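Quick look at model_23.cif (mmCIF, C-alpha atoms (C1' of nucleotides)):
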data_model
loop_
_atom_site.label_atom_id
_atom_site.label_comp_id
_atom_site.auth_asym_id
_atom_site.auth_seq_id
_atom_site.Cartn_x
_atom_site.Cartn_y
_atom_site.Cartn_z
CA MET A 570 -130.68 -74.19 -40.34
CA ASN A 571 -134.26 -74.17 -41.55
CA LEU A 572 -134.87 -71.50 -44.15
CA PRO A 573 -136.61 -71.11 -47.50
CA PRO A 574 -134.14 -71.89 -50.29
CA LEU A 575 -133.73 -68.37 -51.64
CA ILE A 576 -133.08 -67.00 -48.22
CA GLN A 577 -130.77 -69.83 -47.24
CA THR A 578 -128.62 -69.29 -50.32
CA PHE A 579 -128.22 -65.63 -49.54
CA VAL A 580 -127.55 -66.21 -45.86
CA LEU A 581 -124.87 -68.81 -46.54
CA HIS A 582 -123.23 -66.60 -49.12
CA PHE A 583 -123.14 -63.68 -46.77
CA GLY A 584 -121.56 -65.91 -44.18
CA GLU A 585 -118.74 -66.74 -46.56
CA MET A 586 -118.32 -63.15 -47.64
CA GLY A 587 -118.35 -62.08 -44.04
CA SER A 588 -115.16 -63.98 -43.45
CA ARG A 589 -113.50 -62.13 -46.35
CA TRP A 590 -114.36 -58.95 -44.52
CA GLY A 591 -113.44 -58.36 -40.94
CA ILE A 592 -116.57 -60.06 -39.56
CA ASN A 593 -116.92 -63.80 -39.11
CA ARG A 594 -119.23 -66.28 -40.71
CA THR A 595 -121.79 -66.34 -37.94
CA VAL A 596 -122.08 -62.59 -37.81
CA GLY A 597 -122.42 -62.43 -41.58
CA GLN A 598 -125.25 -64.90 -41.53
CA ILE A 599 -127.06 -63.12 -38.75
CA TYR A 600 -126.78 -59.89 -40.65
CA ALA A 601 -128.07 -61.43 -43.85
CA LEU A 602 -131.04 -62.87 -42.04
CA LEU A 603 -131.92 -59.54 -40.47
CA PHE A 604 -131.45 -57.77 -43.75
CA LEU A 605 -133.98 -60.00 -45.51
CA ALA A 606 -136.48 -60.24 -42.68
CA PRO A 607 -139.66 -58.24 -43.15
CA GLU A 608 -139.93 -57.70 -39.41
CA PRO A 609 -137.43 -57.15 -36.61
CA LEU A 610 -136.24 -60.43 -35.07
CA CYS A 611 -135.33 -61.25 -31.51
CA ALA A 612 -132.32 -63.31 -30.52
CA ASP A 613 -134.34 -66.48 -30.13
CA ASP A 614 -135.82 -66.09 -33.60
CA ILE A 615 -132.30 -66.09 -34.91
CA VAL A 616 -131.32 -69.10 -32.85
CA ALA A 617 -134.35 -70.95 -34.24
CA ARG A 618 -133.54 -69.97 -37.81
CA LEU A 619 -129.78 -70.43 -37.89
CA GLY A 620 -129.23 -73.00 -35.18
CA PHE A 621 -126.38 -71.22 -33.46
CA SER A 622 -126.04 -71.22 -29.71
CA ARG A 623 -127.82 -68.53 -27.82
CA SER A 624 -124.62 -66.93 -26.61
CA ASN A 625 -123.08 -66.94 -30.06
CA VAL A 626 -126.08 -65.07 -31.42
CA SER A 627 -125.87 -62.66 -28.54
CA MET A 628 -122.24 -61.92 -29.26
CA GLY A 629 -122.91 -61.57 -32.96
CA LEU A 630 -125.69 -59.10 -32.39
CA LYS A 631 -123.52 -57.16 -30.00
CA GLU A 632 -120.89 -56.86 -32.69
CA LEU A 633 -123.38 -55.77 -35.32
CA VAL A 634 -124.75 -53.14 -32.98
CA ALA A 635 -121.20 -51.93 -32.37
CA TRP A 636 -120.82 -51.60 -36.12
CA ASN A 637 -124.06 -49.62 -36.22
CA LEU A 638 -125.26 -52.10 -38.79
CA VAL A 639 -128.30 -53.24 -36.87
CA GLN A 640 -130.60 -51.34 -34.60
CA LEU A 641 -132.53 -52.25 -31.49
CA ARG A 642 -136.29 -52.16 -31.51
CA HIS A 643 -138.86 -52.83 -28.84
CA LYS A 644 -142.44 -53.97 -28.96
CA PRO A 645 -145.00 -52.76 -26.42
CA ASP A 646 -145.37 -55.13 -23.50
CA ASP A 647 -142.44 -57.22 -24.59
CA ARG A 648 -139.16 -57.01 -22.79
CA ARG A 649 -137.16 -58.74 -25.48
CA ASP A 650 -134.76 -56.87 -27.73
CA PHE A 651 -135.65 -56.96 -31.37
CA TYR A 652 -133.09 -56.29 -34.04
CA THR A 653 -133.43 -54.88 -37.51
CA THR A 654 -131.46 -53.32 -40.35
CA PRO A 655 -132.33 -49.89 -41.74
CA ASP A 656 -134.90 -49.91 -44.54
CA ASP A 657 -132.84 -47.39 -46.45
CA LEU A 658 -130.02 -49.18 -48.22
CA TRP A 659 -128.11 -45.98 -48.72
CA GLN A 660 -128.02 -45.59 -44.99
CA ILE A 661 -126.52 -49.05 -44.77
CA VAL A 662 -123.84 -48.22 -47.30
CA ARG A 663 -122.99 -45.01 -45.53
CA THR A 664 -122.62 -46.80 -42.23
CA LEU A 665 -120.57 -49.56 -43.78
CA VAL A 666 -118.14 -47.17 -45.42
CA GLU A 667 -117.91 -45.03 -42.32
CA GLU A 668 -117.15 -47.94 -40.05
CA ARG A 669 -114.68 -49.56 -42.38
CA LYS A 670 -112.89 -46.27 -42.74
CA LYS A 671 -112.77 -45.97 -38.99
CA ARG A 672 -111.29 -49.46 -38.62
CA GLU A 673 -109.15 -49.80 -41.72
CA ILE A 674 -107.99 -46.32 -42.67
CA ASP A 675 -107.93 -44.02 -39.68
CA PRO A 676 -105.48 -46.06 -37.60
CA THR A 677 -103.05 -46.09 -40.50
CA LEU A 678 -103.43 -42.37 -40.99
CA THR A 679 -102.62 -41.82 -37.35
CA LEU A 680 -99.59 -44.06 -37.49
CA LEU A 681 -98.30 -42.36 -40.61
CA ARG A 682 -98.63 -38.94 -39.06
CA GLU A 683 -96.74 -40.04 -35.99
CA THR A 684 -94.02 -41.79 -37.93
CA LEU A 685 -93.48 -38.81 -40.18
CA MET A 686 -92.69 -36.67 -37.15
CA HIS A 687 -89.55 -38.63 -36.35
CA GLU A 688 -86.14 -37.75 -37.68
CA PRO A 689 -84.84 -40.45 -40.01
CA ALA A 690 -81.60 -41.97 -38.77
CA SER A 691 -80.30 -43.34 -42.06
CA ASP A 692 -80.78 -43.20 -45.79
CA GLU A 693 -82.91 -46.28 -45.58
CA GLU A 694 -85.21 -44.63 -43.11
CA ARG A 695 -85.21 -41.46 -45.18
CA HIS A 696 -86.43 -43.36 -48.18
CA ALA A 697 -89.01 -45.21 -46.14
CA GLN A 698 -90.32 -41.93 -44.80
CA ALA A 699 -90.60 -40.48 -48.28
CA ARG A 700 -92.67 -43.48 -49.24
CA MET A 701 -94.86 -43.08 -46.18
CA ARG A 702 -95.30 -39.41 -46.95
CA GLU A 703 -96.58 -40.30 -50.40
CA MET A 704 -99.00 -42.76 -48.89
CA HIS A 705 -100.13 -40.25 -46.34
CA GLU A 706 -100.86 -37.62 -48.95
CA LEU A 707 -102.78 -40.03 -51.09
CA ILE A 708 -104.93 -41.22 -48.22
CA GLU A 709 -105.61 -37.66 -47.15
CA LEU A 710 -106.76 -36.83 -50.63
CA LEU A 711 -109.08 -39.82 -50.71
CA THR A 712 -110.52 -39.31 -47.25
CA GLY A 713 -110.91 -35.62 -47.93
CA TRP A 714 -112.97 -36.42 -50.97
CA TYR A 715 -114.98 -38.94 -49.01
CA ASP A 716 -115.60 -36.44 -46.26
CA ASP A 717 -117.02 -34.14 -48.87
CA VAL A 718 -119.36 -36.43 -50.73
CA ARG A 719 -120.50 -38.12 -47.55
CA ARG A 720 -122.41 -34.99 -46.70
CA LEU A 721 -124.37 -34.91 -49.93
CA GLU A 722 -128.03 -35.78 -49.81
CA THR A 723 -128.65 -39.22 -51.20
CA GLU A 724 -130.51 -37.80 -54.16
CA ARG A 725 -127.52 -35.70 -55.10
CA LEU A 726 -125.17 -38.56 -54.54
CA VAL A 727 -127.13 -40.82 -56.85
CA GLN A 728 -127.15 -38.08 -59.42
CA LEU A 729 -123.40 -37.81 -59.23
CA LEU A 730 -122.85 -41.55 -59.38
CA THR A 731 -125.15 -41.88 -62.35
CA LEU A 732 -123.22 -39.24 -64.12
CA GLY A 733 -120.04 -41.21 -63.52
CA ALA A 734 -117.07 -40.13 -65.55
CA ARG A 735 -119.27 -37.89 -67.66
CA VAL A 736 -118.87 -35.37 -64.91
CA GLN A 737 -115.47 -34.96 -66.42
CA LYS A 738 -117.09 -33.63 -69.56
CA VAL A 739 -118.97 -31.07 -67.57
CA LEU A 740 -115.74 -29.89 -66.05
CA GLU A 741 -114.03 -29.56 -69.37
CA TRP A 742 -117.03 -27.72 -70.66
CA LYS A 743 -116.90 -25.41 -67.69
CA ASP A 744 -113.17 -24.94 -68.24
CA ARG A 745 -113.62 -23.75 -71.76
CA LEU A 746 -116.26 -21.33 -70.64
CA VAL A 747 -114.54 -19.93 -67.58
CA ALA A 748 -110.85 -19.87 -68.33
CA PRO A 749 -109.95 -21.01 -71.80
CA GLY A 750 -106.62 -22.77 -71.95
CA ARG A 751 -106.33 -23.25 -68.20
CA ARG A 752 -107.08 -26.14 -65.91
CA ALA A 753 -110.11 -26.36 -63.69
CA ALA A 754 -108.26 -26.49 -60.39
CA ASP A 755 -106.40 -23.28 -61.11
CA SER A 756 -109.24 -20.85 -61.46
CA ASP A 757 -112.18 -22.41 -59.82
CA PRO A 758 -115.04 -19.97 -59.22
CA THR A 759 -116.70 -22.46 -56.92
CA ALA A 760 -113.69 -22.97 -54.66
CA MET B 318 -87.07 -59.12 -36.76
CA ASN B 319 -84.20 -56.72 -37.22
CA LEU B 320 -85.32 -53.44 -38.70
CA PRO B 321 -84.75 -49.73 -38.18
CA PRO B 322 -87.39 -48.41 -35.76
CA LEU B 323 -89.39 -46.34 -38.24
CA ILE B 324 -89.61 -49.22 -40.63
CA GLN B 325 -90.37 -51.75 -37.95
CA THR B 326 -93.28 -49.68 -36.65
CA PHE B 327 -94.79 -49.46 -40.09
CA VAL B 328 -94.25 -53.13 -40.85
CA LEU B 329 -95.84 -54.27 -37.61
CA HIS B 330 -98.76 -51.96 -38.12
CA PHE B 331 -99.35 -53.25 -41.62
CA GLY B 332 -99.27 -56.76 -40.27
CA GLU B 333 -102.09 -55.94 -37.88
CA MET B 334 -104.07 -54.10 -40.51
CA GLY B 335 -103.53 -56.98 -42.88
CA SER B 336 -105.53 -59.23 -40.64
CA ARG B 337 -108.41 -56.76 -40.70
CA TRP B 338 -108.39 -57.09 -44.46
CA GLY B 339 -108.52 -60.43 -46.15
CA ILE B 340 -104.75 -60.99 -45.99
CA ASN B 341 -102.93 -62.34 -42.97
CA ARG B 342 -100.36 -60.80 -40.73
CA THR B 343 -97.33 -62.31 -42.41
CA VAL B 344 -98.42 -61.23 -45.84
CA GLY B 345 -99.14 -57.73 -44.61
CA GLN B 346 -95.66 -57.43 -43.14
CA ILE B 347 -94.00 -58.70 -46.27
CA TYR B 348 -95.93 -56.20 -48.31
CA ALA B 349 -95.03 -53.34 -46.02
CA LEU B 350 -91.37 -54.24 -46.20
CA LEU B 351 -91.42 -54.34 -49.97
CA PHE B 352 -93.33 -51.11 -50.13
CA LEU B 353 -90.71 -49.27 -48.11
CA ALA B 354 -87.67 -50.90 -49.67
CA PRO B 355 -85.68 -48.70 -52.04
CA GLU B 356 -84.68 -51.76 -54.06
CA PRO B 357 -86.40 -55.00 -55.01
CA LEU B 358 -85.86 -57.75 -52.43
CA CYS B 359 -85.46 -61.46 -52.87
CA ALA B 360 -87.14 -64.06 -50.69
CA ASP B 361 -84.06 -64.56 -48.53
CA ASP B 362 -83.76 -60.84 -47.89
CA ILE B 363 -87.25 -60.98 -46.49
CA VAL B 364 -86.47 -64.05 -44.39
CA ALA B 365 -83.46 -62.21 -42.98
CA ARG B 366 -85.44 -59.08 -42.22
CA LEU B 367 -88.65 -60.54 -40.84
CA GLY B 368 -87.51 -63.89 -39.49
CA PHE B 369 -90.30 -65.96 -41.02
CA SER B 370 -89.62 -69.38 -42.40
CA ARG B 371 -88.52 -69.62 -45.98
CA SER B 372 -91.68 -71.39 -47.07
CA ASN B 373 -93.93 -68.96 -45.33
CA VAL B 374 -92.29 -66.11 -47.19
CA SER B 375 -92.62 -68.02 -50.42
CA MET B 376 -96.32 -68.52 -49.88
CA GLY B 377 -96.81 -64.91 -48.87
CA LEU B 378 -95.09 -63.66 -51.98
CA LYS B 379 -97.13 -66.01 -54.10
CA GLU B 380 -100.29 -64.55 -52.63
CA LEU B 381 -99.14 -60.99 -53.17
CA VAL B 382 -98.30 -61.78 -56.77
CA ALA B 383 -101.76 -63.31 -57.18
CA TRP B 384 -103.17 -60.05 -55.89
CA ASN B 385 -101.05 -58.16 -58.42
CA LEU B 386 -99.71 -56.18 -55.52
CA VAL B 387 -96.07 -57.06 -56.05
CA GLN B 388 -94.14 -57.67 -59.20
CA LEU B 389 -91.29 -59.95 -60.12
CA ARG B 390 -87.97 -58.51 -61.15
CA HIS B 391 -84.73 -60.10 -62.24
CA LYS B 392 -81.14 -58.99 -62.10
CA PRO B 393 -78.65 -59.92 -64.79
CA ASP B 394 -76.68 -63.05 -63.96
CA ASP B 395 -78.83 -63.77 -60.94
CA ARG B 396 -81.34 -66.55 -61.01
CA ARG B 397 -83.18 -65.40 -57.93
CA ASP B 398 -86.60 -63.78 -58.09
CA PHE B 399 -86.73 -60.24 -56.79
CA TYR B 400 -89.93 -58.64 -55.69
CA THR B 401 -91.06 -55.05 -55.64
CA THR B 402 -94.12 -52.82 -55.40
CA PRO B 403 -94.96 -50.30 -58.09
CA ASP B 404 -93.41 -46.87 -57.63
CA ASP B 405 -96.65 -45.22 -58.56
CA LEU B 406 -98.96 -45.23 -55.57
CA TRP B 407 -101.97 -44.59 -57.71
CA GLN B 408 -101.28 -47.79 -59.50
CA ILE B 409 -101.26 -49.54 -56.16
CA VAL B 410 -104.59 -48.06 -55.20
CA ARG B 411 -106.11 -49.02 -58.52
CA THR B 412 -104.92 -52.58 -58.15
CA LEU B 413 -106.13 -52.79 -54.58
CA VAL B 414 -109.60 -51.56 -55.42
CA GLU B 415 -109.82 -53.76 -58.48
CA GLU B 416 -108.83 -56.88 -56.60
CA ARG B 417 -111.03 -56.21 -53.64
CA LYS B 418 -113.95 -55.63 -55.93
CA LYS B 419 -113.21 -58.90 -57.66
CA ARG B 420 -113.14 -60.77 -54.36
CA GLU B 421 -115.71 -58.96 -52.27
CA ILE B 422 -118.28 -57.53 -54.67
CA ASP B 423 -118.43 -59.53 -57.86
CA PRO B 424 -119.33 -62.87 -56.27
CA THR B 425 -122.21 -61.21 -54.46
CA LEU B 426 -123.39 -59.58 -57.64
CA THR B 427 -123.40 -62.94 -59.37
CA LEU B 428 -125.29 -64.57 -56.56
CA LEU B 429 -127.87 -61.81 -56.49
CA ARG B 430 -128.46 -62.07 -60.20
CA GLU B 431 -128.97 -65.81 -59.97
CA THR B 432 -131.21 -65.61 -56.96
CA LEU B 433 -133.37 -62.97 -58.56
CA MET B 434 -134.11 -65.32 -61.44
CA HIS B 435 -135.99 -67.76 -59.22
CA GLU B 436 -139.69 -67.60 -58.62
CA PRO B 437 -140.45 -66.81 -54.97
CA ALA B 438 -142.45 -69.54 -53.29
CA SER B 439 -143.95 -67.51 -50.46
CA ASP B 440 -144.52 -63.98 -49.23
CA GLU B 441 -141.41 -64.28 -47.13
CA GLU B 442 -139.33 -65.11 -50.18
CA ARG B 443 -141.05 -62.38 -52.14
CA HIS B 444 -140.02 -59.83 -49.58
CA ALA B 445 -136.50 -61.22 -49.43
CA GLN B 446 -136.22 -60.95 -53.18
CA ALA B 447 -137.38 -57.38 -53.16
CA ARG B 448 -134.68 -56.63 -50.68
CA MET B 449 -132.08 -58.39 -52.78
CA ARG B 450 -133.26 -56.48 -55.82
CA GLU B 451 -132.66 -53.23 -53.99
CA MET B 452 -129.21 -54.36 -53.05
CA HIS B 453 -128.49 -55.46 -56.57
CA GLU B 454 -129.48 -52.12 -58.03
CA LEU B 455 -127.41 -50.23 -55.56
CA ILE B 456 -124.32 -52.30 -56.19
CA GLU B 457 -124.76 -51.96 -59.92
CA LEU B 458 -124.93 -48.20 -59.57
CA LEU B 459 -121.77 -48.14 -57.49
CA THR B 460 -119.79 -50.51 -59.67
CA GLY B 461 -121.00 -48.70 -62.77
CA TRP B 462 -119.64 -45.47 -61.37
CA TYR B 463 -116.40 -47.17 -60.44
CA ASP B 464 -116.07 -48.63 -63.88
CA ASP B 465 -116.35 -45.13 -65.24
CA VAL B 466 -113.87 -43.29 -63.07
CA ARG B 467 -111.42 -46.17 -63.16
CA ARG B 468 -110.67 -45.29 -66.74
CA LEU B 469 -109.77 -41.70 -66.01
CA GLU B 470 -106.16 -40.71 -66.23
CA THR B 471 -104.67 -40.22 -62.81
CA GLU B 472 -104.30 -36.52 -63.35
CA ARG B 473 -107.99 -36.18 -64.08
CA LEU B 474 -108.86 -38.39 -61.17
CA VAL B 475 -106.86 -36.27 -58.77
CA GLN B 476 -108.52 -33.20 -60.15
CA LEU B 477 -111.93 -34.71 -59.52
CA LEU B 478 -111.04 -35.83 -56.02
CA THR B 479 -109.61 -32.47 -55.13
CA LEU B 480 -112.78 -30.85 -56.23
CA GLY B 481 -114.73 -33.15 -53.94
CA ALA B 482 -118.30 -32.17 -53.34
CA ARG B 483 -117.69 -28.84 -54.99
CA VAL B 484 -118.28 -30.68 -58.23
CA GLN B 485 -121.88 -30.47 -57.14
CA LYS B 486 -121.67 -26.71 -57.39
CA VAL B 487 -120.39 -26.96 -60.89
CA LEU B 488 -123.33 -29.11 -61.79
CA GLU B 489 -125.82 -26.69 -60.33
CA TRP B 490 -124.09 -23.88 -62.08
CA LYS B 491 -124.28 -25.80 -65.33
CA ASP B 492 -127.95 -26.50 -64.66
CA ARG B 493 -128.82 -22.90 -64.31
CA LEU B 494 -127.05 -22.12 -67.51
CA VAL B 495 -128.36 -24.97 -69.59
CA ALA B 496 -131.87 -25.60 -68.41
CA PRO B 497 -133.08 -23.23 -65.73
CA GLY B 498 -135.42 -24.85 -63.25
CA ARG B 499 -134.62 -28.41 -64.29
CA ARG B 500 -132.33 -31.04 -62.85
CA ALA B 501 -128.99 -31.98 -64.31
CA ALA B 502 -129.79 -35.60 -65.06
CA ASP B 503 -132.87 -34.65 -67.05
CA SER B 504 -131.33 -32.59 -69.78
CA ASP B 505 -127.70 -33.46 -69.87
CA PRO B 506 -125.95 -32.31 -73.02
CA THR B 507 -122.97 -34.46 -72.12
CA ALA B 508 -124.93 -37.71 -71.80
"C1'" DC C 1000 -76.60 -86.74 -67.07
"C1'" DC C 1001 -75.02 -84.42 -62.81
"C1'" DG C 1002 -74.64 -80.85 -59.27
"C1'" DG C 1003 -75.88 -76.58 -57.55
"C1'" DC C 1004 -79.15 -73.23 -56.56
"C1'" DG C 1005 -83.48 -71.50 -55.84
"C1'" DT C 1006 -88.60 -72.27 -55.50
"C1'" DT C 1007 -92.65 -74.86 -54.24
"C1'" DT C 1008 -95.26 -78.40 -51.97
"C1'" DC C 1009 -96.86 -80.84 -48.05
"C1'" DA C 1010 -98.01 -82.87 -43.61
"C1'" DG C 1011 -98.11 -81.97 -39.17
"C1'" DA C 1012 -97.39 -78.52 -35.19
"C1'" DA C 1013 -98.65 -74.23 -33.27
"C1'" DA C 1014 -101.49 -70.40 -32.77
"C1'" DT C 1015 -105.67 -68.16 -33.26
"C1'" DT C 1016 -110.43 -67.75 -33.74
"C1'" DT C 1017 -114.89 -69.40 -33.24
"C1'" DC C 1018 -118.37 -71.60 -30.76
"C1'" DC C 1019 -120.93 -73.75 -27.05
"C1'" DG C 1020 -123.27 -74.51 -22.48
"C1'" DA C 1021 -123.51 -73.24 -17.89
"C1'" DA C 1022 -123.58 -69.85 -14.71
"C1'" DA C 1023 -123.88 -65.02 -13.54
"C1'" DC C 1024 -126.10 -60.93 -14.14
"C1'" DG C 1025 -129.80 -57.08 -14.66
"C1'" DC C 1026 -134.00 -55.46 -14.45
"C1'" DA C 1027 -138.68 -55.08 -14.26
"C1'" DT C 1028 -142.84 -56.57 -11.64
"C1'" DA C 1029 -145.35 -58.74 -7.90
"C1'" DT D 1193 -136.97 -58.55 -1.65
"C1'" DA D 1194 -138.20 -62.64 -4.38
"C1'" DT D 1195 -139.32 -64.24 -9.08
"C1'" DG D 1196 -139.30 -64.60 -13.90
"C1'" DC D 1197 -137.48 -63.49 -18.16
"C1'" DG D 1198 -134.01 -62.21 -21.06
"C1'" DT D 1199 -129.04 -60.88 -21.83
"C1'" DT D 1200 -124.15 -61.29 -21.10
"C1'" DT D 1201 -119.97 -63.38 -19.49
"C1'" DC D 1202 -116.66 -66.97 -19.34
"C1'" DG D 1203 -113.76 -71.23 -19.49
"C1'" DG D 1204 -112.82 -74.64 -22.22
"C1'" DA D 1205 -113.80 -77.50 -26.63
"C1'" DA D 1206 -113.78 -77.50 -31.51
"C1'" DA D 1207 -112.60 -75.75 -35.83
"C1'" DT D 1208 -109.88 -73.06 -38.69
"C1'" DT D 1209 -105.91 -70.69 -40.03
"C1'" DT D 1210 -101.16 -69.94 -39.95
"C1'" DC D 1211 -96.53 -71.45 -39.86
"C1'" DT D 1212 -92.61 -74.51 -40.10
"C1'" DG D 1213 -88.98 -77.83 -41.68
"C1'" DA D 1214 -88.08 -81.36 -44.70
"C1'" DA D 1215 -88.45 -83.17 -48.97
"C1'" DA D 1216 -89.61 -82.72 -53.83
"C1'" DC D 1217 -89.25 -80.19 -57.79
"C1'" DG D 1218 -87.37 -77.48 -61.82
"C1'" DC D 1219 -83.98 -75.29 -64.29
"C1'" DC D 1220 -79.52 -74.13 -65.91
"C1'" DG D 1221 -74.44 -74.63 -66.71
"C1'" DG D 1222 -70.90 -77.92 -66.86
#

Write-out of the structure in C-alpha cells:
Amino acid sequence: MNLPPLIQTFVLHFGEMGSRWGINRTVGQIYALLFLAPEPLCADDIVARLGFSRSNVSMGLKELVAWNLVQLRHKPDDRRDFYTTPDDLWQIVRTLVEERKKREIDPTLTLLRETLMHEPASDEERHAQARMREMHELIELLTGWYDDVRRLETERLVQLLTLGARVQKVLEWKDRLVAPGRRAADSDPTA
Amino acid sequence: MNLPPLIQTFVLHFGEMGSRWGINRTVGQIYALLFLAPEPLCADDIVARLGFSRSNVSMGLKELVAWNLVQLRHKPDDRRDFYTTPDDLWQIVRTLVEERKKREIDPTLTLLRETLMHEPASDEERHAQARMREMHELIELLTGWYDDVRRLETERLVQLLTLGARVQKVLEWKDRLVAPGRRAADSDPTA
DNA sequence: CCGGCGTTTCAGAAATTTCCGAAACGCATA
DNA sequence: TATGCGTTTCGGAAATTTCTGAAACGCCGG
C-alpha cells in the first residue's frame, strides 16, 4: 500500500470499520479510497494503490456496485470501467440507510409477519408470539417514519435535523394553539 | 436444538441476522431465545435449548452483557446467574442504537477530527481532507440530532415518529404564522 | 480449610471467510 | 473470425473467526 499518510490512515480505518459492518476489510478500503479520490479510478488504479490482487478488487467493486455505493463511469475512447462515489454525501447516506434496511430489517419484518400468522401451540409459543408482535409493531413504526422522512428534500431534512428535539417545542406550541388540553396526535389538522 | 417451531424459526433467523450485524450467529441465537423467554434463563437452560457448549454460551452471554442487551438476575437461594432482556422494547432499541453508535460511529468521528488537524502535504491530501470535512460535518449533524431525540420520553418519541414527515407540515404552518415568507430555521422562537 | 457448585479462561480443532493466481470469458475492433 | 484488452469466475491456499472440552478459578456453607 502506497498512499499519502492522511489518506492511508483513513483507508485503513475504513477497512477496520468495514468489518464491523457487513462488508469486509478489503471492500471497506476500496470504498474509502474511492470516496477520497478526486477522480474516478479504474480497477488497476486500485490494485496499484492498495496492493490487492486484481480479482479481489474486481469482487470488491462488484459488491460495492451491488450496494449502490459506487457508480460506473466511462471515459471517451477508453474501454475500462471507472468507479466513483457520489459527490453528494447526503445521497451516500440515503443509499447506505436504504441498503442496510433492505438487508438488516426487511427480512426480519417478513419473518415476523409470517410467524405471527401461525396458531401458537402452547403457552410458551403464545408468549413468544406476543413478544414478536411487539417487535413487529415497533419496527413498523420506525420504518414507517423512515419511509416518510426519506422522501423529504435534503434541504428540508437538514432543517429538521438541525431543529432536533426542539421540534417537540413546536408541537407543544401548536397543541396549545389548536386544541388546548389535548394531545397532538388526537386532533391533528395536518393528518 | 429442541425448540417449539415458532420459537425455533425466530431463533435461527436471529442467528443469521446476527452475523450481518457485528455479533455472531451463536450470540444472535442466545439473544433471540432470551428475548422470547417468559422467564429469565440460566446458562445451562440455554445449553439445553440450543445445544452449544457451556463455554460458548458463557462467552456469548458475556458479550451480550457487555452490549447492555441482557441483564443479570438472581433468584433467592440460587447461586446461578439468570439472564433476561428488558421487557420494554423501546429500552432495547435505545440500547441497541447507543451501542452501535459507540462502536460504529464514534471511532470514525474521532479519527476524522484527528485527521483534520493535520496540514495537507499535497493537492491530493487537500482534496481528501475536504471530503473528510464534509463527512465529519454530516456525522456531527446526525449525531447531534440523535443526541437530542434520545432524551425524549418514549411517549413523545412515539408521537414524533407517528407524525413522520407530517411534522414538516406543522413547521410550514408555524412559519406562515410566525414569519410569513421566511424559513423556519431563520426566525425560530423555540431556538 | 474443604467440598460443591457455578463461571471463566485457554489452547487447539473446526468452520468460515477472505484472498490469490490462473484460466475463462466478453466484447469491441481490425 | 482473429486479436487485444479488460473483467469475471473458480479452486484451492491462507487467514480469521468461531467453537469446544478440559482445566483453572472464585465463592460460599459446612

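For the atom pair formed by atom CA of Val596 of chain A and atom CA of Leu633 of chain A, the distance is 7.4 Å, given to one decimal.
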
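The shell of residues at most 12 Å from DC1024 of chain C, with all atoms listed in the file counted and near chain neighbours (fewer than 2 positions) removed, consists of DA1022 and DC1026 of chain C; DG1198, DT1199, DT1200 and DT1201 of chain D.
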
### Task
Output as a VMD selection string the set of chain C residues within 9 Å of chain A, with distances taken over only C-alpha atoms (C1' of nucleotides).
chain C and resid 1017 to 1020 1027

### Query
Would you list which chain B residues are within 6 Å of chain A using all atoms listed in the file, as a PyMOL selection string?
chain B and resi 337+339+353+445+462+465-466+478+481-482

### Task
Excluding DG1218 of chain D and residues on its chain fewer than 6 positions from it, collect all residues at most 10 Å away from it, counting all atoms listed in the file, and give them as a PyMOL selection string.
chain C and resi 1005-1007

Using 3 Å of padding on each side, determine the axis-aligned box around all atoms of segment 1002-1016 of chain C present in the file and give its centre and edge lengths in Å to one decimal, as AutoDock Vina command-line options.
--center_x -92.5 --center_y -75.3 --center_z -46.0 --size_x 41.8 --size_y 21.1 --size_z 32.5

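From atom CA of Asp614 of chain A back to atom CA of Asp650 of chain A, the distance works out to 11.0 Å.
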
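Interatomic distance, atom CA of Trp636 of chain A to atom CA of Thr654 of chain A: 11.6 Å.
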
### segment 387-390 of chain B environment, 8 Å, all atoms listed in the file, sequence neighbours closer than 5 positions dropped, as a PyMOL selection string
chain B and resi 348+357+378+381-382+398-403

Output file for the residues above (C-alpha atoms, as a PDB file, in the coordinates of the input):
ATOM      1  CA  TYR B 348     -95.930 -56.200 -48.310  1.00  0.00           C
ATOM      2  CA  PRO B 357     -86.400 -55.000 -55.010  1.00  0.00           C
ATOM      3  CA  LEU B 378     -95.090 -63.660 -51.980  1.00  0.00           C
ATOM      4  CA  LEU B 381     -99.140 -60.990 -53.170  1.00  0.00           C
ATOM      5  CA  VAL B 382     -98.300 -61.780 -56.770  1.00  0.00           C
ATOM      6  CA  ASP B 398     -86.600 -63.780 -58.090  1.00  0.00           C
ATOM      7  CA  PHE B 399     -86.730 -60.240 -56.790  1.00  0.00           C
ATOM      8  CA  TYR B 400     -89.930 -58.640 -55.690  1.00  0.00           C
ATOM      9  CA  THR B 401     -91.060 -55.050 -55.640  1.00  0.00           C
ATOM     10  CA  THR B 402     -94.120 -52.820 -55.400  1.00  0.00           C
ATOM     11  CA  PRO B 403     -94.960 -50.300 -58.090  1.00  0.00           C
TER      12      PRO B 403
END

### Residues within 9 Å of Asn571 of chain A, only C-alpha atoms (C1' of nucleotides), excluding chain neighbours under 3 positions, as a PyMOL selection string
chain A and resi 577+617-620

Kindly save the residues from that selection, with C-alpha atoms included, as a PDB file, keeping the file's coordinate frame.
ATOM      1  CA  GLN A 577    -130.770 -69.830 -47.240  1.00  0.00           C
ATOM      2  CA  ALA A 617    -134.350 -70.950 -34.240  1.00  0.00           C
ATOM      3  CA  ARG A 618    -133.540 -69.970 -37.810  1.00  0.00           C
ATOM      4  CA  LEU A 619    -129.780 -70.430 -37.890  1.00  0.00           C
ATOM      5  CA  GLY A 620    -129.230 -73.000 -35.180  1.00  0.00           C
TER       6      GLY A 620
END

### Task
Check the smallest atom-to-atom distance from each of D:DC1197, D:DT1209, D:DA1214, D:DC1219 to chain A using only C-alpha atoms (C1' of nucleotides), then report the winner.
D:DC1197

Suppose a student applies the PyMOL selection byres ((chain C and resi 1002) around 9) to this structure; what residues should they get, written as a PDB file with C-alpha atoms (C1' of nucleotides), in the frame of the given file?
ATOM      1  C1'  DC C1001     -75.020 -84.420 -62.810  1.00  0.00           C
ATOM      2  C1'  DG C1003     -75.880 -76.580 -57.550  1.00  0.00           C
TER       3       DG C1003
ATOM      4  C1'  DG D1222     -70.900 -77.920 -66.860  1.00  0.00           C
TER       5       DG D1222
END

### Task
Measuring atom to atom with all atoms listed in the file, identify which of B:Met376, B:Met318, B:Val328, B:Ala383 is nearest to chain D.
B:Met376
